>>> print(open('query.cif').read())   # mmCIF, C-alpha atoms
data_model
#
loop_
_atom_site.group_PDB
_atom_site.id
_atom_site.type_symbol
_atom_site.label_atom_id
_atom_site.label_comp_id
_atom_site.auth_asym_id
_atom_site.auth_seq_id
_atom_site.Cartn_x
_atom_site.Cartn_y
_atom_site.Cartn_z
ATOM 1 C CA MET T 1 0.000 0.000 0.000
ATOM 2 C CA ASN T 2 2.496 2.568 -1.200
ATOM 3 C CA SER T 3 1.722 6.231 -0.779
ATOM 4 C CA THR T 4 2.247 8.665 -3.600
ATOM 5 C CA LEU T 5 3.398 11.294 -1.119
ATOM 6 C CA ALA T 6 7.083 12.099 -1.510
ATOM 7 C CA GLY T 7 9.244 10.715 1.268
ATOM 8 C CA ILE T 8 6.610 8.270 2.551
ATOM 9 C CA THR T 9 7.095 4.610 1.642
ATOM 10 C CA HIS T 10 4.032 3.179 3.414
ATOM 11 C CA ASN T 11 0.769 4.734 4.565
ATOM 12 C CA PHE T 12 -1.564 2.590 6.652
ATOM 13 C CA TYR T 13 -4.116 5.187 7.677
ATOM 14 C CA PRO T 14 -5.614 5.410 10.311
ATOM 15 C CA PHE T 15 -2.800 3.533 12.043
ATOM 16 C CA PHE T 16 0.623 4.776 10.912
ATOM 17 C CA LYS T 17 2.838 5.902 8.065
ATOM 18 C CA VAL T 18 6.504 5.132 7.459
ATOM 19 C CA ASP T 19 9.034 7.611 6.099
ATOM 20 C CA ALA T 20 11.684 6.647 3.587
ATOM 21 C CA ASP T 21 14.255 6.544 6.408
ATOM 22 C CA GLY T 22 12.124 4.030 8.338
ATOM 23 C CA THR T 23 10.672 6.475 10.880
ATOM 24 C CA VAL T 24 7.197 5.449 12.014
ATOM 25 C CA HIS T 25 4.539 8.113 12.624
ATOM 26 C CA ARG T 26 1.283 7.053 14.286
ATOM 27 C CA PHE T 27 -1.907 8.909 13.482
ATOM 28 C CA GLN T 28 -3.376 8.201 16.909
ATOM 29 C CA ASP T 29 -1.986 9.581 20.139
ATOM 30 C CA ILE T 30 -2.827 6.981 22.786
ATOM 31 C CA LYS T 31 -3.051 8.462 26.257
ATOM 32 C CA PHE T 32 -2.069 6.713 29.491
ATOM 33 C CA VAL T 33 -4.349 6.524 32.495
ATOM 34 C CA PRO T 34 -3.000 5.296 35.842
ATOM 35 C CA PRO T 35 -4.381 2.288 37.723
ATOM 36 C CA SER T 36 -7.197 3.156 40.072
ATOM 37 C CA TYR T 37 -9.874 2.122 42.560
ATOM 38 C CA ASN T 38 -13.583 2.474 41.810
ATOM 39 C CA PRO T 39 -15.500 2.860 45.091
ATOM 40 C CA LYS T 40 -18.844 2.198 43.360
ATOM 41 C CA THR T 41 -17.910 -1.226 41.979
ATOM 42 C CA GLY T 42 -15.087 -2.117 44.337
ATOM 43 C CA VAL T 43 -12.797 -2.892 41.375
ATOM 44 C CA ARG T 44 -9.158 -1.950 41.825
ATOM 45 C CA SER T 45 -6.256 -2.164 39.396
ATOM 46 C CA LYS T 46 -2.471 -2.127 39.424
ATOM 47 C CA ASP T 47 0.343 -2.338 36.888
ATOM 48 C CA ILE T 48 2.989 -5.042 36.759
ATOM 49 C CA THR T 49 6.199 -4.972 34.704
ATOM 50 C CA ILE T 50 6.872 -8.557 33.697
ATOM 51 C CA LEU T 51 9.917 -8.380 31.423
ATOM 52 C CA PRO T 52 11.570 -4.963 31.937
ATOM 53 C CA GLY T 53 14.135 -5.502 29.194
ATOM 54 C CA LYS T 54 11.376 -5.934 26.609
ATOM 55 C CA ASN T 55 8.895 -3.516 28.196
ATOM 56 C CA ILE T 56 6.282 -6.257 28.573
ATOM 57 C CA SER T 57 3.717 -5.450 31.222
ATOM 58 C CA ALA T 58 0.101 -5.880 32.241
ATOM 59 C CA ARG T 59 -2.654 -4.188 34.187
ATOM 60 C CA LEU T 60 -4.336 -6.398 36.772
ATOM 61 C CA TYR T 61 -7.960 -5.911 37.840
ATOM 62 C CA LEU T 62 -9.389 -7.272 41.063
ATOM 63 C CA PRO T 63 -13.164 -7.361 41.641
ATOM 64 C CA LYS T 64 -14.839 -6.498 44.926
ATOM 65 C CA ILE T 65 -13.562 -8.832 47.638
ATOM 66 C CA SER T 66 -15.865 -10.161 50.345
ATOM 67 C CA GLY T 67 -13.418 -12.654 51.855
ATOM 68 C CA LYS T 68 -9.647 -13.088 52.042
ATOM 69 C CA LYS T 69 -9.762 -16.529 50.428
ATOM 70 C CA GLN T 70 -12.338 -15.650 47.780
ATOM 71 C CA LYS T 71 -11.428 -17.058 44.358
ATOM 72 C CA PHE T 72 -12.510 -15.829 40.927
ATOM 73 C CA SER T 73 -12.150 -17.047 37.358
ATOM 74 C CA LEU T 74 -9.020 -15.659 35.696
ATOM 75 C CA LEU T 75 -9.396 -13.718 32.451
ATOM 76 C CA PHE T 76 -6.513 -12.770 30.176
ATOM 77 C CA TYR T 77 -7.608 -9.902 27.939
ATOM 78 C CA ILE T 78 -5.673 -8.730 24.859
ATOM 79 C CA HIS T 79 -6.414 -5.315 23.383
ATOM 80 C CA GLY T 80 -6.957 -4.656 19.691
ATOM 81 C CA GLY T 81 -5.586 -1.960 17.424
ATOM 82 C CA GLY T 82 -4.360 -3.706 14.280
ATOM 83 C CA PHE T 83 -1.294 -5.079 16.121
ATOM 84 C CA CYS T 84 0.174 -1.585 15.890
ATOM 85 C CA THR T 85 -1.691 0.816 18.149
ATOM 86 C CA GLN T 86 -3.603 1.070 21.444
ATOM 87 C CA SER T 87 -2.540 -0.061 24.897
ATOM 88 C CA ALA T 88 -3.788 -1.869 27.978
ATOM 89 C CA PHE T 89 -3.272 1.458 29.767
ATOM 90 C CA SER T 90 -5.383 3.630 27.448
ATOM 91 C CA PRO T 91 -8.601 5.284 28.695
ATOM 92 C CA THR T 92 -10.635 3.095 26.329
ATOM 93 C CA TYR T 93 -9.346 -0.246 27.530
ATOM 94 C CA ASP T 94 -8.973 0.717 31.171
ATOM 95 C CA SER T 95 -12.613 1.797 31.279
ATOM 96 C CA TYR T 96 -13.754 -1.349 29.488
ATOM 97 C CA LEU T 97 -11.771 -3.714 31.707
ATOM 98 C CA HIS T 98 -13.112 -2.024 34.840
ATOM 99 C CA LYS T 99 -16.650 -2.687 33.570
ATOM 100 C CA LEU T 100 -15.932 -6.256 32.470
ATOM 101 C CA THR T 101 -14.228 -7.134 35.760
ATOM 102 C CA ALA T 102 -17.114 -5.740 37.801
ATOM 103 C CA GLU T 103 -19.901 -7.363 35.786
ATOM 104 C CA ALA T 104 -18.272 -10.761 35.178
ATOM 105 C CA ASN T 105 -16.731 -10.887 38.660
ATOM 106 C CA VAL T 106 -13.352 -12.086 37.386
ATOM 107 C CA VAL T 107 -9.718 -11.358 38.081
ATOM 108 C CA ALA T 108 -8.457 -9.846 34.835
ATOM 109 C CA VAL T 109 -4.975 -9.530 33.376
ATOM 110 C CA SER T 110 -4.943 -6.966 30.572
ATOM 111 C CA ILE T 111 -1.821 -7.638 28.499
ATOM 112 C CA ASP T 112 0.303 -4.834 27.093
ATOM 113 C CA TYR T 113 2.418 -6.202 24.255
ATOM 114 C CA ARG T 114 5.000 -4.496 22.068
ATOM 115 C CA LEU T 115 3.553 -2.948 18.933
ATOM 116 C CA ALA T 116 4.373 -3.509 15.281
ATOM 117 C CA PRO T 117 5.923 -2.378 12.997
ATOM 118 C CA GLU T 118 8.810 -1.515 15.353
ATOM 119 C CA HIS T 119 8.342 -4.982 16.842
ATOM 120 C CA PRO T 120 7.041 -7.117 13.970
ATOM 121 C CA ILE T 121 4.663 -10.016 14.425
ATOM 122 C CA PRO T 122 5.215 -12.527 16.123
ATOM 123 C CA SER T 123 6.411 -10.220 18.949
ATOM 124 C CA CYS T 124 2.802 -9.674 20.074
ATOM 125 C CA TYR T 125 2.275 -13.433 20.348
ATOM 126 C CA ASP T 126 5.546 -14.033 22.183
ATOM 127 C CA ASP T 127 4.947 -11.141 24.595
ATOM 128 C CA SER T 128 1.445 -12.303 25.429
ATOM 129 C CA TRP T 129 2.658 -15.875 25.888
ATOM 130 C CA ALA T 130 5.293 -14.597 28.310
ATOM 131 C CA VAL T 131 2.544 -12.927 30.369
ATOM 132 C CA LEU T 132 0.522 -16.145 30.503
ATOM 133 C CA ASN T 133 3.523 -18.106 31.715
ATOM 134 C CA TRP T 134 4.427 -15.420 34.249
ATOM 135 C CA ALA T 135 0.902 -15.551 35.664
ATOM 136 C CA ALA T 136 0.948 -19.350 35.721
ATOM 137 C CA GLN T 137 3.765 -19.245 38.268
ATOM 138 C CA GLY T 138 1.159 -18.050 40.750
ATOM 139 C CA THR T 139 3.541 -15.863 42.734
ATOM 140 C CA GLU T 140 1.896 -12.472 42.141
ATOM 141 C CA PRO T 141 -0.056 -11.702 45.378
ATOM 142 C CA TRP T 142 -3.435 -10.872 43.796
ATOM 143 C CA LEU T 143 -3.289 -13.923 41.546
ATOM 144 C CA LYS T 144 -1.996 -16.222 44.268
ATOM 145 C CA GLN T 145 -4.758 -15.246 46.659
ATOM 146 C CA HIS T 146 -7.758 -14.703 44.390
ATOM 147 C CA ALA T 147 -7.268 -16.321 40.949
ATOM 148 C CA ASN T 148 -8.801 -19.722 40.250
ATOM 149 C CA PHE T 149 -6.287 -21.325 37.894
ATOM 150 C CA SER T 150 -8.722 -24.130 37.144
ATOM 151 C CA ARG T 151 -11.030 -21.609 35.424
ATOM 152 C CA VAL T 152 -8.967 -19.589 32.952
ATOM 153 C CA PHE T 153 -10.362 -17.681 29.971
ATOM 154 C CA LEU T 154 -8.765 -15.834 27.046
ATOM 155 C CA ALA T 155 -10.462 -12.902 25.354
ATOM 156 C CA GLY T 156 -9.675 -10.038 23.026
ATOM 157 C CA ASP T 157 -11.082 -7.778 20.341
ATOM 158 C CA SER T 158 -9.979 -7.353 16.729
ATOM 159 C CA ALA T 159 -6.202 -7.990 16.589
ATOM 160 C CA GLY T 160 -6.423 -8.904 20.270
ATOM 161 C CA ALA T 161 -8.882 -11.666 19.380
ATOM 162 C CA ASN T 162 -6.367 -12.927 16.827
ATOM 163 C CA ILE T 163 -3.704 -12.989 19.542
ATOM 164 C CA ALA T 164 -6.051 -14.743 21.977
ATOM 165 C CA HIS T 165 -6.715 -17.458 19.397
ATOM 166 C CA ASN T 166 -3.002 -17.946 18.758
ATOM 167 C CA LEU T 167 -2.349 -18.170 22.499
ATOM 168 C CA MET T 168 -4.978 -20.904 22.738
ATOM 169 C CA VAL T 169 -3.298 -22.781 19.882
ATOM 170 C CA ARG T 170 0.078 -22.585 21.600
ATOM 171 C CA ALA T 171 -1.281 -23.540 25.014
ATOM 172 C CA SER T 172 -3.038 -26.512 23.425
ATOM 173 C CA GLU T 173 0.207 -27.679 21.821
ATOM 174 C CA GLU T 174 2.423 -27.295 24.889
ATOM 175 C CA SER T 175 1.518 -29.905 27.503
ATOM 176 C CA HIS T 176 3.489 -28.172 30.286
ATOM 177 C CA PHE T 177 1.096 -25.201 30.362
ATOM 178 C CA ARG T 178 -0.486 -25.676 33.787
ATOM 179 C CA PRO T 179 -3.577 -23.436 34.061
ATOM 180 C CA SER T 180 -6.860 -25.035 32.958
ATOM 181 C CA LEU T 181 -8.192 -23.164 29.954
ATOM 182 C CA VAL T 182 -11.986 -23.234 29.985
ATOM 183 C CA GLY T 183 -12.877 -20.945 27.113
ATOM 184 C CA MET T 184 -12.116 -18.147 24.710
ATOM 185 C CA ALA T 185 -14.151 -15.095 23.645
ATOM 186 C CA LEU T 186 -13.248 -13.514 20.300
ATOM 187 C CA VAL T 187 -14.838 -10.132 19.628
ATOM 188 C CA ASP T 188 -14.721 -8.858 16.033
ATOM 189 C CA PRO T 189 -11.655 -11.031 15.331
ATOM 190 C CA TYR T 190 -9.062 -9.825 12.830
ATOM 191 C CA PHE T 191 -8.507 -12.950 10.740
ATOM 192 C CA GLY T 192 -7.591 -13.411 7.110
ATOM 193 C CA ASN T 193 -10.041 -14.585 4.469
ATOM 194 C CA GLY T 194 -7.747 -15.970 1.798
ATOM 195 C CA LYS T 195 -7.269 -12.580 0.144
ATOM 196 C CA PRO T 196 -4.226 -10.266 0.269
ATOM 197 C CA ASP T 197 -4.064 -8.075 3.384
ATOM 198 C CA GLY T 198 -1.499 -5.304 3.106
ATOM 199 C CA LEU T 199 -1.378 -4.449 6.809
ATOM 200 C CA TRP T 200 -0.821 -8.035 7.946
ATOM 201 C CA THR T 201 1.813 -8.629 5.254
ATOM 202 C CA TYR T 202 3.744 -5.510 6.268
ATOM 203 C CA LEU T 203 3.553 -6.170 10.008
ATOM 204 C CA CYS T 204 4.459 -9.853 9.679
ATOM 205 C CA PRO T 205 7.480 -10.066 7.364
ATOM 206 C CA ASN T 206 7.831 -13.828 7.898
ATOM 207 C CA THR T 207 4.217 -14.632 7.010
ATOM 208 C CA THR T 208 3.772 -17.815 5.004
ATOM 209 C CA GLY T 209 1.134 -16.201 2.800
ATOM 210 C CA LEU T 210 -2.642 -16.100 2.430
ATOM 211 C CA TYR T 211 -3.097 -19.277 4.441
ATOM 212 C CA ASP T 212 -0.756 -18.484 7.318
ATOM 213 C CA PRO T 213 -2.438 -20.316 10.233
ATOM 214 C CA ARG T 214 -1.781 -17.364 12.530
ATOM 215 C CA PHE T 215 -3.880 -15.090 10.329
ATOM 216 C CA ASN T 216 -6.220 -17.464 8.521
ATOM 217 C CA PRO T 217 -6.998 -20.214 11.044
ATOM 218 C CA ALA T 218 -10.179 -21.232 9.231
ATOM 219 C CA ALA T 219 -7.946 -22.649 6.497
ATOM 220 C CA HIS T 220 -6.656 -25.177 9.041
ATOM 221 C CA PRO T 221 -9.616 -27.080 10.516
ATOM 222 C CA ARG T 222 -7.397 -29.843 11.870
ATOM 223 C CA MET T 223 -5.557 -27.280 14.012
ATOM 224 C CA LEU T 224 -8.871 -25.897 15.250
ATOM 225 C CA SER T 225 -10.098 -29.367 16.173
ATOM 226 C CA LYS T 226 -7.264 -29.691 18.699
ATOM 227 C CA LEU T 227 -7.929 -26.542 20.738
ATOM 228 C CA ASN T 228 -7.755 -27.448 24.410
ATOM 229 C CA CYS T 229 -10.778 -25.663 25.834
ATOM 230 C CA SER T 230 -14.437 -26.548 26.252
ATOM 231 C CA LYS T 231 -16.211 -23.489 24.850
ATOM 232 C CA ILE T 232 -15.701 -20.589 22.448
ATOM 233 C CA LEU T 233 -17.780 -17.480 21.871
ATOM 234 C CA VAL T 234 -17.372 -15.500 18.644
ATOM 235 C CA CYS T 235 -18.872 -12.004 18.570
ATOM 236 C CA THR T 236 -19.345 -9.776 15.550
ATOM 237 C CA ALA T 237 -21.448 -6.860 14.350
ATOM 238 C CA GLY T 238 -23.709 -6.467 11.335
ATOM 239 C CA LYS T 239 -21.737 -3.601 9.814
ATOM 240 C CA ASP T 240 -18.274 -4.833 10.843
ATOM 241 C CA PHE T 241 -15.973 -5.006 7.812
ATOM 242 C CA LEU T 242 -14.549 -8.225 9.345
ATOM 243 C CA ARG T 243 -17.967 -9.819 9.877
ATOM 244 C CA ASP T 244 -17.524 -12.524 7.237
ATOM 245 C CA ARG T 245 -14.254 -13.638 8.825
ATOM 246 C CA ALA T 246 -15.898 -14.107 12.228
ATOM 247 C CA TRP T 247 -18.643 -16.214 10.679
ATOM 248 C CA THR T 248 -16.116 -18.271 8.689
ATOM 249 C CA TYR T 249 -14.176 -19.023 11.877
ATOM 250 C CA TYR T 250 -17.381 -20.017 13.654
ATOM 251 C CA GLU T 251 -18.616 -22.260 10.841
ATOM 252 C CA THR T 252 -15.204 -23.919 10.471
ATOM 253 C CA MET T 253 -15.026 -24.596 14.213
ATOM 254 C CA LYS T 254 -18.440 -26.275 14.059
ATOM 255 C CA LYS T 255 -17.352 -28.573 11.228
ATOM 256 C CA SER T 256 -13.791 -29.237 12.431
ATOM 257 C CA GLY T 257 -14.588 -32.112 14.764
ATOM 258 C CA TRP T 258 -13.702 -30.058 17.830
ATOM 259 C CA LYS T 259 -15.528 -31.497 20.846
ATOM 260 C CA GLY T 260 -16.343 -28.200 22.580
ATOM 261 C CA GLU T 261 -19.273 -25.812 22.385
ATOM 262 C CA VAL T 262 -18.990 -22.860 19.993
ATOM 263 C CA GLY T 263 -21.480 -20.010 19.769
ATOM 264 C CA ILE T 264 -21.752 -16.754 17.879
ATOM 265 C CA LYS T 265 -23.356 -13.441 18.797
ATOM 266 C CA GLU T 266 -24.027 -10.807 16.159
ATOM 267 C CA ILE T 267 -25.082 -7.271 17.076
ATOM 268 C CA GLU T 268 -27.176 -5.865 14.255
ATOM 269 C CA GLY T 269 -26.571 -2.410 12.818
ATOM 270 C CA GLU T 270 -23.206 -1.765 14.467
ATOM 271 C CA GLY T 271 -19.630 -1.499 13.214
ATOM 272 C CA HIS T 272 -16.228 -2.794 14.218
ATOM 273 C CA VAL T 273 -15.608 -2.678 18.008
ATOM 274 C CA PHE T 274 -18.500 -0.235 18.438
ATOM 275 C CA HIS T 275 -18.758 -1.304 22.088
ATOM 276 C CA LEU T 276 -15.418 0.318 22.894
ATOM 277 C CA PHE T 277 -16.359 3.699 21.461
ATOM 278 C CA ASN T 278 -19.763 3.879 23.156
ATOM 279 C CA GLN T 279 -19.490 1.608 26.171
ATOM 280 C CA THR T 280 -22.777 2.639 27.772
ATOM 281 C CA CYS T 281 -25.084 2.344 24.755
ATOM 282 C CA LYS T 282 -27.857 -0.258 24.772
ATOM 283 C CA LYS T 283 -26.229 -2.581 22.255
ATOM 284 C CA ALA T 284 -22.866 -2.442 24.059
ATOM 285 C CA LYS T 285 -24.702 -3.604 27.159
ATOM 286 C CA VAL T 286 -26.230 -6.464 25.163
ATOM 287 C CA LEU T 287 -22.754 -7.549 24.064
ATOM 288 C CA MET T 288 -21.436 -7.201 27.613
ATOM 289 C CA LYS T 289 -24.271 -9.414 28.865
ATOM 290 C CA SER T 290 -23.284 -12.131 26.380
ATOM 291 C CA LEU T 291 -19.648 -11.985 27.488
ATOM 292 C CA VAL T 292 -20.582 -12.074 31.159
ATOM 293 C CA GLU T 293 -22.846 -15.091 30.665
ATOM 294 C CA PHE T 294 -20.048 -16.834 28.785
ATOM 295 C CA LEU T 295 -17.487 -16.155 31.527
ATOM 296 C CA VAL T 296 -19.845 -17.121 34.336
#
>>> encode(input="query.cif", output="structure tokens")
Amino acid sequence: MNSTLAGITHNFYPFFKVDADGTVHRFQDIKFVPPSYNPKTGVRSKDITILPGKNISARLYLPKISGKKQKFSLLFYIHGGGFCTQSAFSPTYDSYLHKLTAEANVVAVSIDYRLAPEHPIPSCYDDSWAVLNWAAQGTEPWLKQHANFSRVFLAGDSAGANIAHNLMVRASEESHFRPSLVGMALVDPYFGNGKPDGLWTYLCPNTTGLYDPRFNPAAHPRMLSKLNCSKILVCTAGKDFLRDRAWTYYETMKKSGWKGEVGIKEIEGEGHVFHLFNQTCKKAKVLMKSLVEFLV
């Protein structure tokens, strides 16, 4: 996707452009909000640096506690943004994770991975995998005291849903992964559909092509049949430009021979990740209700 503007070699609006000298300019300025405590819901959050040398970190969310030994399901959430923008610490995702933690009554780990193109794919997968394995050690105080490692879920939106799926694939292949993965929720997943995708190709220089299993998992039903969880929820929206890819993933899962339960929820009349931009609208609440029921 070459730009005709002099001095710019790549232009992936609305995400970023790249100058001829390799300098990356992002079109979106993502703000940072600090961890906090919400007295109305009782949800509190804190930040953890997991691999300082690689700047891999996470924001942890703890729901309202009524007893010292109270245990909750553990949710790993991966933010979207085309693999190249957004953050676990942005106002958008911090607000959303506060709501999700309160309503689903889960301990949540919101993963902050390094962004492409400075850190090409598969860095996002490797970073997120490192967070899962760090959490699995069970030494972090909140997780040690309140996380139920026998009820672990993965979730994400857009590119984050892609990452969540790839984490599930890896966890299913590696027998030493200790936490018990119950399910996975994929909201407006960014998957391939067998057609060229300029953004994916640029951000993943080592891609194997249109049928790369990391980007086009529906082309690999045998891989899908081996996912080591019992239920999957796919969510999409009627006006989402990725809608067909969500449905293809869902239909392929159903036919793959996988023994779990897969469902799909479509919100009519809405676009891609609408629920993040208007978190209190009626249809966002409908989607939230579906996610909460899935996690509970």
>>> resolve_selection(input="query.cif", expression="the PyMOL selection byres ((chain T and resi 50) around 12)", output="number ranges by chain")
T: 47-49, 51-60, 109, 111-113, 127-135, 140
>>> atom_distance(input="query.cif", atom1="atom CA of T:Ser90", atom2="atom CA of T:Val33")
5.9 Å
>>> residues_around(input="query.cif", residues="T:Leu181", least_positions_apart="2", cutoff="12 Å", atoms="all atoms listed in the file", output="PyMOL selection string")
chain T and resi 73-76+132+136+148-155+164+167-172+177-179+183-185+227-232+295
>>> atom_distance(input="query.cif", atom1="atom CA of T:His119", atom2="atom CA of T:Leu210")
21.3 Å
>>> closest_residue(input="query.cif", among="T:His10, T:His146, T:Lys99, T:Arg114", to="T:Lys71", atoms="all atoms listed in the file")
T:His146
>>> atom_distance(input="query.cif", atom1="atom CA of T:Val187", atom2="atom CA of T:Lys17")
26.5 Å
>>> axis_aligned_box(input="query.cif", around="stretch 147-157 of chain T", padding_each_side="4 Å", output="JSON")
{"center_x": -8.7, "center_y": -16.0, "center_z": 30.6, "size_x": 12.8, "size_y": 24.4, "size_z": 28.6}
>>> closest_residue(input="query.cif", among="T:Phe294, T:Leu143, T:Ser95, T:Tyr37", to="T:Val182", atoms="only C-alpha atoms")
T:Phe294
>>> residues_near_point(input="query.cif", point="(8.0, 4.7, 2.2)", cutoff="6 Å", atoms="all atoms listed in the file", output="list in words")
Ile8, Thr9, His10, Val18, Asp19 and Ala20 of chain T
